[in-house]
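Enquirer: Input my_file-v3.pdb, format and content: PDB, C-alpha atoms and all ligand atoms.
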ATOM      1  CA  MET A   1      24.026  11.188 -24.339
ATOM      2  CA  TYR A   2      20.650   9.599 -25.170
ATOM      3  CA  GLY A   3      21.041   7.354 -22.162
ATOM      4  CA  TRP A   4      21.420  10.384 -19.849
ATOM      5  CA  MET A   5      18.409  12.075 -21.481
ATOM      6  CA  ILE A   6      16.240   8.992 -20.953
ATOM      7  CA  LEU A   7      17.451   8.726 -17.357
ATOM      8  CA  ALA A   8      16.638  12.403 -16.741
ATOM      9  CA  ALA A   9      13.156  12.017 -18.271
ATOM     10  CA  ALA A  10      12.492   8.864 -16.244
ATOM     11  CA  SER A  11      13.649  10.635 -13.052
ATOM     12  CA  PHE A  12      11.306  13.548 -13.793
ATOM     13  CA  VAL A  13       8.324  11.250 -14.339
ATOM     14  CA  TYR A  14       9.163   9.304 -11.168
ATOM     15  CA  ILE A  15       9.552  12.311  -8.880
ATOM     16  CA  ARG A  16       6.739  14.392 -10.401
ATOM     17  CA  PHE A  17       4.024  11.768 -10.911
ATOM     18  CA  LEU A  18       4.906   8.416  -9.309
ATOM     19  CA  TYR A  19       6.813   9.283  -6.119
ATOM     20  CA  ARG A  20       3.732  10.368  -4.172
ATOM     21  CA  PHE A  21       2.241   6.875  -4.668
ATOM     22  CA  VAL A  22       5.267   4.562  -4.708
ATOM     23  CA  GLY A  23       7.865   6.554  -2.710
ATOM     24  CA  PRO A  24       8.489   5.343   0.863
ATOM     25  CA  HIS A  25       5.869   7.021   3.019
ATOM     26  CA  CYS A  26       3.868   6.705   6.248
ATOM     27  CA  SER A  27       0.607   8.285   7.349
ATOM     28  CA  TYR A  28       0.817  10.304  10.536
ATOM     29  CA  ARG A  29      -1.469  12.557  12.550
ATOM     30  CA  VAL A  30      -0.606  15.790  14.364
ATOM     31  CA  ALA A  31      -0.623  15.101  18.107
ATOM     32  CA  ILE A  32       0.866  18.255  19.667
ATOM     33  CA  VAL A  33       1.302  21.725  18.193
ATOM     34  CA  GLU A  34       3.458  24.169  20.119
ATOM     35  CA  TRP A  35       4.702  27.565  18.946
ATOM     36  CA  ILE A  36       7.737  29.044  20.687
ATOM     37  CA  GLY A  37       8.329  32.434  19.055
ATOM     38  CA  ASP A  38       8.717  31.703  15.344
ATOM     39  CA  ILE A  39       9.501  28.026  15.922
ATOM     40  CA  LEU A  40       6.812  25.379  15.590
ATOM     41  CA  GLU A  41       7.389  22.165  17.538
ATOM     42  CA  LEU A  42       5.236  19.463  16.037
ATOM     43  CA  THR A  43       4.728  16.012  17.537
ATOM     44  CA  LEU A  44       3.321  13.423  15.119
ATOM     45  CA  THR A  45       1.964   9.943  15.831
ATOM     46  CA  PRO A  46       1.478   7.146  13.264
ATOM     47  CA  ARG A  47      -2.013   6.414  11.943
ATOM     48  CA  THR A  48      -1.109   2.820  11.046
ATOM     49  CA  SER A  49       2.471   1.568  10.894
ATOM     50  CA  GLY A  50       5.157   4.004  12.026
ATOM     51  CA  MET A  51       8.385   5.023  10.336
ATOM     52  CA  ASP A  52      11.689   3.406  11.246
ATOM     53  CA  PHE A  53      14.500   5.937  11.158
ATOM     54  CA  LYS A  54      18.125   6.424  12.068
ATOM     55  CA  PRO A  55      19.117   9.308  14.315
ATOM     56  CA  SER A  56      19.379  12.620  12.446
ATOM     57  CA  GLN A  57      17.576  11.531   9.296
ATOM     58  CA  PHE A  58      15.065  13.860   7.615
ATOM     59  CA  ILE A  59      11.642  13.419   6.090
ATOM     60  CA  TYR A  60       9.524  15.291   3.555
ATOM     61  CA  LEU A  61       6.376  16.592   5.232
ATOM     62  CA  VAL A  62       3.130  16.850   3.253
ATOM     63  CA  VAL A  63       0.188  18.414   5.080
ATOM     64  CA  HIS A  64      -3.374  17.580   4.016
ATOM     65  CA  LYS A  65      -5.328  20.632   5.090
ATOM     66  CA  THR A  66      -7.103  23.420   3.238
ATOM     67  CA  GLY A  67      -5.054  26.602   3.449
ATOM     68  CA  ILE A  68      -1.701  24.807   3.733
ATOM     69  CA  THR A  69       0.144  24.231   0.469
ATOM     70  CA  PRO A  70       0.504  20.476  -0.179
ATOM     71  CA  GLU A  71       4.035  20.400  -1.642
ATOM     72  CA  PRO A  72       6.661  18.360   0.259
ATOM     73  CA  HIS A  73       9.181  20.208   2.480
ATOM     74  CA  PRO A  74      12.211  18.583   4.139
ATOM     75  CA  TYR A  75      12.623  18.660   7.934
ATOM     76  CA  SER A  76      15.045  16.850  10.240
ATOM     77  CA  ILE A  77      13.607  14.423  12.761
ATOM     78  CA  ALA A  78      14.229  16.170  16.061
ATOM     79  CA  CYS A  79      13.936  13.198  18.421
ATOM     80  CA  GLY A  80      15.368   9.761  19.013
ATOM     81  CA  TYR A  81      13.860   6.536  17.692
ATOM     82  CA  ASN A  82      11.143   5.186  20.005
ATOM     83  CA  LEU A  83       8.940   2.103  19.965
ATOM     84  CA  GLU A  84       5.786   4.192  19.371
ATOM     85  CA  SER A  85       7.439   5.686  16.241
ATOM     86  CA  THR A  86       6.462   9.160  17.426
ATOM     87  CA  ILE A  87       8.245  11.840  15.419
ATOM     88  CA  LYS A  88       9.002  15.370  16.550
ATOM     89  CA  LEU A  89       9.831  18.189  14.144
ATOM     90  CA  GLY A  90      11.108  21.696  14.829
ATOM     91  CA  ILE A  91      10.069  24.075  12.048
ATOM     92  CA  LYS A  92      11.211  27.678  11.785
ATOM     93  CA  ARG A  93       8.911  30.142  10.032
ATOM     94  CA  ALA A  94      10.903  30.970   6.890
ATOM     95  CA  GLY A  95       8.721  31.656   3.843
ATOM     96  CA  ASP A  96       5.435  30.907   2.053
ATOM     97  CA  HIS A  97       4.808  27.368   3.262
ATOM     98  CA  THR A  98       5.973  27.632   6.866
ATOM     99  CA  ALA A  99       3.894  30.818   7.297
ATOM    100  CA  THR A 100       0.719  28.794   6.677
ATOM    101  CA  LEU A 101       1.554  26.147   9.282
ATOM    102  CA  ASP A 102      -0.178  28.124  12.054
ATOM    103  CA  LEU A 103      -3.385  26.590  10.684
ATOM    104  CA  LEU A 104      -2.221  23.167  11.934
ATOM    105  CA  GLU A 105      -4.254  21.599  14.738
ATOM    106  CA  PRO A 106      -4.065  18.312  16.654
ATOM    107  CA  GLY A 107      -5.721  15.549  14.625
ATOM    108  CA  ASP A 108      -4.733  16.912  11.195
ATOM    109  CA  PRO A 109      -3.472  14.182   8.816
ATOM    110  CA  VAL A 110       0.004  14.430   7.293
ATOM    111  CA  THR A 111       2.171  12.157   5.151
ATOM    112  CA  LEU A 112       5.879  11.697   5.844
ATOM    113  CA  TYR A 113       8.120  10.615   2.946
ATOM    114  CA  GLY A 114      11.479   9.037   3.733
ATOM    115  CA  PRO A 115      13.468   8.767   5.905
ATOM    116  CA  TYR A 116      16.602  10.048   4.163
ATOM    117  CA  GLY A 117      20.115  11.113   5.108
ATOM    118  CA  ARG A 118      23.354   9.645   6.426
ATOM    119  CA  PHE A 119      24.362  12.459   8.767
ATOM    120  CA  SER A 120      24.778  10.155  11.785
ATOM    121  CA  GLU A 121      27.111   7.646  10.083
ATOM    122  CA  ALA A 122      30.313   9.042  11.606
ATOM    123  CA  PHE A 123      28.678   9.165  15.061
ATOM    124  CA  LEU A 124      27.379   5.579  14.778
ATOM    125  CA  ARG A 125      30.839   4.325  13.723
ATOM    126  CA  ALA A 126      31.780   5.476  17.234
ATOM    127  CA  ASP A 127      35.509   5.557  16.546
ATOM    128  CA  ARG A 128      35.970   9.268  17.389
ATOM    129  CA  ASP A 129      34.666  11.701  19.991
ATOM    130  CA  CYS A 130      32.068  14.117  18.610
ATOM    131  CA  ILE A 131      31.409  17.824  19.001
ATOM    132  CA  PHE A 132      27.916  18.840  17.885
ATOM    133  CA  ILE A 133      27.247  22.541  17.241
ATOM    134  CA  GLY A 134      23.620  23.405  16.451
ATOM    135  CA  GLY A 135      22.822  27.036  15.635
ATOM    136  CA  GLY A 136      19.149  27.940  16.306
ATOM    137  CA  ILE A 137      16.822  25.583  14.427
ATOM    138  CA  GLY A 138      19.977  23.775  13.225
ATOM    139  CA  ILE A 139      19.824  21.865  16.525
ATOM    140  CA  THR A 140      17.129  19.505  15.128
ATOM    141  CA  PRO A 141      19.367  16.878  13.430
ATOM    142  CA  PHE A 142      21.483  16.572  16.581
ATOM    143  CA  MET A 143      18.548  15.617  18.828
ATOM    144  CA  GLY A 144      18.429  11.991  17.601
ATOM    145  CA  MET A 145      22.146  11.416  18.168
ATOM    146  CA  TRP A 146      21.956  13.135  21.559
ATOM    147  CA  HIS A 147      19.190  10.698  22.536
ATOM    148  CA  VAL A 148      21.193   7.672  21.387
ATOM    149  CA  ALA A 149      24.354   8.841  23.177
ATOM    150  CA  LEU A 150      22.492   9.091  26.493
ATOM    151  CA  HIS A 151      20.325   5.952  26.369
ATOM    152  CA  SER A 152      22.741   3.100  26.732
ATOM    153  CA  GLU A 153      20.453   1.107  29.058
ATOM    154  CA  GLU A 154      18.120   0.054  26.211
ATOM    155  CA  ARG A 155      20.730  -2.029  24.362
ATOM    156  CA  VAL A 156      20.369  -5.775  23.670
ATOM    157  CA  GLU A 157      22.600  -8.686  22.625
ATOM    158  CA  GLU A 158      23.416  -8.750  18.906
ATOM    159  CA  ASP A 159      21.804 -12.178  18.347
ATOM    160  CA  ASP A 160      18.509 -10.988  19.825
ATOM    161  CA  LEU A 161      18.071  -8.379  17.086
ATOM    162  CA  PRO A 162      16.642  -9.249  13.658
ATOM    163  CA  GLU A 163      19.078  -8.644  10.753
ATOM    164  CA  ASP A 164      17.277  -5.541   9.385
ATOM    165  CA  LEU A 165      17.207  -3.874  12.829
ATOM    166  CA  ARG A 166      20.901  -4.703  13.279
ATOM    167  CA  ARG A 167      21.687  -2.896  10.043
ATOM    168  CA  LEU A 168      19.487   0.117  10.783
ATOM    169  CA  HIS A 169      20.198   0.455  14.495
ATOM    170  CA  PRO A 170      23.776  -0.541  15.399
ATOM    171  CA  GLU A 171      23.344   1.628  18.492
ATOM    172  CA  MET A 172      20.789  -0.853  19.895
ATOM    173  CA  MET A 173      23.439  -3.554  20.267
ATOM    174  CA  ARG A 174      25.187  -4.037  23.584
ATOM    175  CA  ARG A 175      28.660  -4.076  22.021
ATOM    176  CA  TRP A 176      28.068  -0.547  20.612
ATOM    177  CA  LYS A 177      29.595   2.086  22.851
ATOM    178  CA  SER A 178      28.713   5.709  22.273
ATOM    179  CA  PRO A 179      31.553   8.077  21.481
ATOM    180  CA  ARG A 180      31.993  10.971  23.905
ATOM    181  CA  VAL A 181      29.726  13.801  22.821
ATOM    182  CA  ALA A 182      29.776  17.533  23.571
ATOM    183  CA  LEU A 183      26.649  19.382  22.431
ATOM    184  CA  PHE A 184      26.589  23.151  21.871
ATOM    185  CA  TYR A 185      23.220  24.824  21.270
ATOM    186  CA  VAL A 186      23.884  28.334  20.014
ATOM    187  CA  CYS A 187      21.040  30.905  20.041
ATOM    188  CA  ASN A 188      20.818  34.693  20.103
ATOM    189  CA  ASN A 189      18.921  34.641  23.392
ATOM    190  CA  GLU A 190      17.305  32.213  25.840
ATOM    191  CA  GLU A 191      13.774  32.634  24.390
ATOM    192  CA  GLN A 192      14.975  31.246  21.045
ATOM    193  CA  ALA A 193      16.310  28.067  22.666
ATOM    194  CA  SER A 194      13.047  26.166  22.141
ATOM    195  CA  PHE A 195      14.744  22.744  22.340
ATOM    196  CA  ASP A 196      16.407  23.439  25.696
ATOM    197  CA  ASN A 197      13.845  21.349  27.593
ATOM    198  CA  ASP A 198      14.165  18.406  25.152
ATOM    199  CA  ILE A 199      17.951  18.435  25.619
ATOM    200  CA  ASN A 200      17.641  18.547  29.413
ATOM    201  CA  ASN A 201      14.909  15.872  29.473
ATOM    202  CA  GLU A 202      17.336  13.399  27.886
ATOM    203  CA  ILE A 203      19.836  13.954  30.713
ATOM    204  CA  MET A 204      17.313  13.420  33.516
TER     205      MET A 204
HETATM  206  C1  LIG B   1      17.747  18.120   4.669
HETATM  207  C2  LIG B   1      17.024  19.332   5.194
HETATM  208  C3  LIG B   1      16.598  19.358   6.518
HETATM  209  C4  LIG B   1      15.930  20.487   7.005
HETATM  210  N1  LIG B   1      15.523  20.491   8.309
HETATM  211  C5  LIG B   1      14.875  21.575   8.794
HETATM  212  C6  LIG B   1      14.423  21.591  10.174
HETATM  213  O1  LIG B   1      14.614  20.642  10.949
HETATM  214  N2  LIG B   1      13.764  22.707  10.595
HETATM  215  C7  LIG B   1      13.532  23.796   9.770
HETATM  216  O2  LIG B   1      12.914  24.770  10.224
HETATM  217  N3  LIG B   1      13.943  23.790   8.489
HETATM  218  C8  LIG B   1      14.599  22.715   7.974
HETATM  219  N4  LIG B   1      15.003  22.714   6.668
HETATM  220  C9  LIG B   1      14.669  23.890   5.832
HETATM  221  C10 LIG B   1      13.197  23.849   5.433
HETATM  222  O3  LIG B   1      12.976  22.784   4.531
HETATM  223  C11 LIG B   1      12.803  25.186   4.780
HETATM  224  O4  LIG B   1      12.996  26.216   5.712
HETATM  225  C12 LIG B   1      11.360  25.199   4.371
HETATM  226  O5  LIG B   1      11.121  24.237   3.368
HETATM  227  C13 LIG B   1      11.019  26.596   3.853
HETATM  228  O6  LIG B   1       9.797  26.577   3.197
HETATM  229  P1  LIG B   1       8.996  27.921   2.941
HETATM  230  O7  LIG B   1       8.128  27.734   1.744
HETATM  231  O8  LIG B   1       8.340  28.379   4.190
HETATM  232  O9  LIG B   1      10.140  28.967   2.634
HETATM  233  P2  LIG B   1      10.564  29.499   1.203
HETATM  234  O10 LIG B   1       9.469  30.345   0.640
HETATM  235  O11 LIG B   1      11.073  28.387   0.376
HETATM  236  O12 LIG B   1      11.755  30.452   1.671
HETATM  237  C14 LIG B   1      12.934  29.927   2.307
HETATM  238  C15 LIG B   1      13.891  31.088   2.568
HETATM  239  O13 LIG B   1      14.320  31.659   1.328
HETATM  240  C16 LIG B   1      14.007  33.050   1.320
HETATM  241  N5  LIG B   1      13.585  33.369  -0.052
HETATM  242  C17 LIG B   1      12.541  32.845  -0.710
HETATM  243  N6  LIG B   1      12.477  33.367  -1.964
HETATM  244  C18 LIG B   1      13.509  34.234  -2.065
HETATM  245  C19 LIG B   1      13.994  35.068  -3.100
HETATM  246  N7  LIG B   1      13.407  35.127  -4.284
HETATM  247  N8  LIG B   1      15.073  35.808  -2.864
HETATM  248  C20 LIG B   1      15.707  35.770  -1.672
HETATM  249  N9  LIG B   1      15.290  34.994  -0.655
HETATM  250  C21 LIG B   1      14.224  34.236  -0.856
HETATM  251  C22 LIG B   1      12.894  33.233   2.343
HETATM  252  O14 LIG B   1      12.864  34.542   2.895
HETATM  253  C23 LIG B   1      13.270  32.216   3.400
HETATM  254  O15 LIG B   1      14.240  32.722   4.273
HETATM  255  C24 LIG B   1      15.682  21.618   6.159
HETATM  256  C25 LIG B   1      16.104  21.572   4.845
HETATM  257  C26 LIG B   1      16.780  20.460   4.364
HETATM  258  C27 LIG B   1      17.242  20.457   2.923
END
Kindly return the structure encoded in the file as structure tokens.
Expert:
Amino acid sequence: MYGWMILAAASFVYIRFLYRFVGPHCSYRVAIVEWIGDILELTLTPRTSGMDFKPSQFIYLVVHKTGITPEPHPYSIACGYNLESTIKLGIKRAGDHTATLDLLEPGDPVTLYGPYGRFSEAFLRADRDCIFIGGGIGITPFMGMWHVALHSEERVEEDDLPEDLRRLHPEMMRRWKSPRVALFYVCNNEEQASFDNDINNEIM
């Protein structure tokens, strides 16, 4: 009982006071801001070293700008891993925090905490065909896996990859073969399908 109480107290202190300094984080800058209806598509580029992430992981976004509340909010990474470590987010206007994001401009500094999540594990095991169904903004976590499924030409021999990359990116190895994927993007109407062009760009 006392053990659990101490653990709970330590967790509180860690997340409330220490996490912002010692939690895994990277400094990024807003590169492109695009509003499509009530969806904000945000492209972020690293200020120093970029974040390494698996497809479909999510980050906590903290914006450093007067007028935008600085608490962390989780968003899925809506793009595939790339050598420039550029990260794209799709953010739907939902409540207090997201309503203030129209103040964002290119050049604004942000901090990304993470990455977190194991959503792509079944896909990366590649032992079963996959059907992805993304409803509206729910398409974002599928974008990374969609990218990986379509970019087989960038794979290398297993021995040419350092151990940590091998663990994080099994899809980069030549022996990895993508499962068959069917992607459904379900929206009320065409105007809401803000990620349509990103999906089509991966095919071309
Ligand atoms: C792992 C993960 C990944 C995510 N990825 C994405 C993503 O890729 N894109 C994206 O857009 N979102 C994503 N989200 C959701 C996103 O984090 C939230 O939409 C965002 O943090 C909302 O912040 P907010 O302050 O604007 O909204 P909030 O003020 O927190 O409101 C959120 C919703 O709750 C309703 N609400 C608030 N208070 C009340 C109340 N008292 N009674 C009834 N309803 C209430 C609001 O109307 C709104 O619909 C993700 C969440 C998680 C957990």
Enquirer: Enumerate as number ranges by chain the residues within 9 Å of ligand LIG 1 (chain B), counting only C-alpha atoms and all ligand atoms.
Expert: A: 39-40, 57-60, 69, 72-78, 89-101, 116-117, 137-141
Enquirer: Find, counting only C-alpha atoms, the residue in A:Gln192, A:Thr43, A:Ser56, A:Ser49 that gets nearest to Met145 (chain A).
Expert: A:Ser56
Enquirer: Could you list, as a PyMOL selection string, every residue within 6 Å of Leu42 (chain A), counting all atoms listed in the file and ignoring same-chain residues fewer than 2 positions away?
Expert: chain A and resi 32-33+88-89
Enquirer: Between A:Val110, A:Leu103, A:Ile15, A:Met51, which has the minimum distance to Pro70 (chain A) (counting all atoms listed in the file)?
Expert: A:Val110
Enquirer: So for region 73-81 of chain A, what box centre and size do we get, axis-aligned, 8 Å extra on each of the six sides, every listed atom, Å to one decimal, as AutoDock Vina command-line options?
Expert:
--center_x 12.3 --center_y 13.4 --center_z 10.7 --size_x 22.2 --size_y 29.7 --size_z 32.5
Enquirer: One decimal, Å: what's the distance from CA of Phe184 (chain A) over to CA of Phe132 (chain A), could you say?
Expert: 6.0 Å
Enquirer: Let me make sure I understand: among A:Ile68, A:Val186, A:Leu61, A:Leu161, which one has the smallest atom-to-atom distance to Glu105 (chain A) if we use all atoms listed in the file?
Expert: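 Smallest separation from Glu105 (chain A) among the options: A:Ile68.
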Enquirer: Taking the file as I've supplied it (selection: the PyMOL selection byres (((chain A and resi 23) around 12) and not hetatm)), which residues are included? Please answer as a ChimeraX atom specification.
Expert: /A:14-22,24-26,59-60,111-116
Enquirer: Can you give me N, CA, C and O atoms for region 20-32 of chain A, written as a compact mmCIF listing (two decimals), keeping the file's coordinate frame?
Expert:
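Saved file result-v1.txt follows:
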# COMPACT_ATOMS: atom_id res chain seq x y z
N ARG A 20 4.72 10.20 -5.24
CA ARG A 20 3.73 10.37 -4.17
C ARG A 20 2.97 9.07 -3.88
O ARG A 20 2.45 8.87 -2.79
N PHE A 21 2.93 8.16 -4.89
CA PHE A 21 2.24 6.88 -4.67
C PHE A 21 3.20 5.77 -4.25
O PHE A 21 2.90 4.96 -3.39
N VAL A 22 4.38 5.71 -4.93
CA VAL A 22 5.27 4.56 -4.71
C VAL A 22 6.48 4.90 -3.84
O VAL A 22 7.20 3.99 -3.41
N GLY A 23 6.73 6.18 -3.57
CA GLY A 23 7.86 6.55 -2.71
C GLY A 23 7.62 6.05 -1.29
O GLY A 23 6.46 5.85 -0.91
N PRO A 24 8.69 5.83 -0.51
CA PRO A 24 8.49 5.34 0.86
C PRO A 24 7.76 6.39 1.69
O PRO A 24 8.22 7.53 1.79
N HIS A 25 6.61 6.03 2.23
CA HIS A 25 5.87 7.02 3.02
C HIS A 25 5.03 6.38 4.12
O HIS A 25 4.72 5.18 4.04
N CYS A 26 4.70 7.16 5.12
CA CYS A 26 3.87 6.70 6.25
C CYS A 26 2.84 7.79 6.56
O CYS A 26 3.14 8.98 6.45
N SER A 27 1.66 7.33 6.96
CA SER A 27 0.61 8.28 7.35
C SER A 27 0.73 8.60 8.83
O SER A 27 0.81 7.68 9.65
N TYR A 28 0.73 9.86 9.15
CA TYR A 28 0.82 10.30 10.54
C TYR A 28 -0.31 11.28 10.83
O TYR A 28 -1.03 11.72 9.93
N ARG A 29 -0.47 11.59 12.11
CA ARG A 29 -1.47 12.56 12.55
C ARG A 29 -0.78 13.54 13.50
O ARG A 29 0.10 13.15 14.25
N VAL A 30 -1.17 14.80 13.44
CA VAL A 30 -0.61 15.79 14.36
C VAL A 30 -1.12 15.50 15.77
O VAL A 30 -2.33 15.38 15.98
N ALA A 31 -0.21 15.36 16.72
CA ALA A 31 -0.62 15.10 18.11
C ALA A 31 -0.49 16.37 18.96
O ALA A 31 -1.40 16.72 19.70
N ILE A 32 0.65 17.04 18.85
CA ILE A 32 0.87 18.26 19.67
C ILE A 32 1.41 19.37 18.78
O ILE A 32 2.30 19.14 17.96
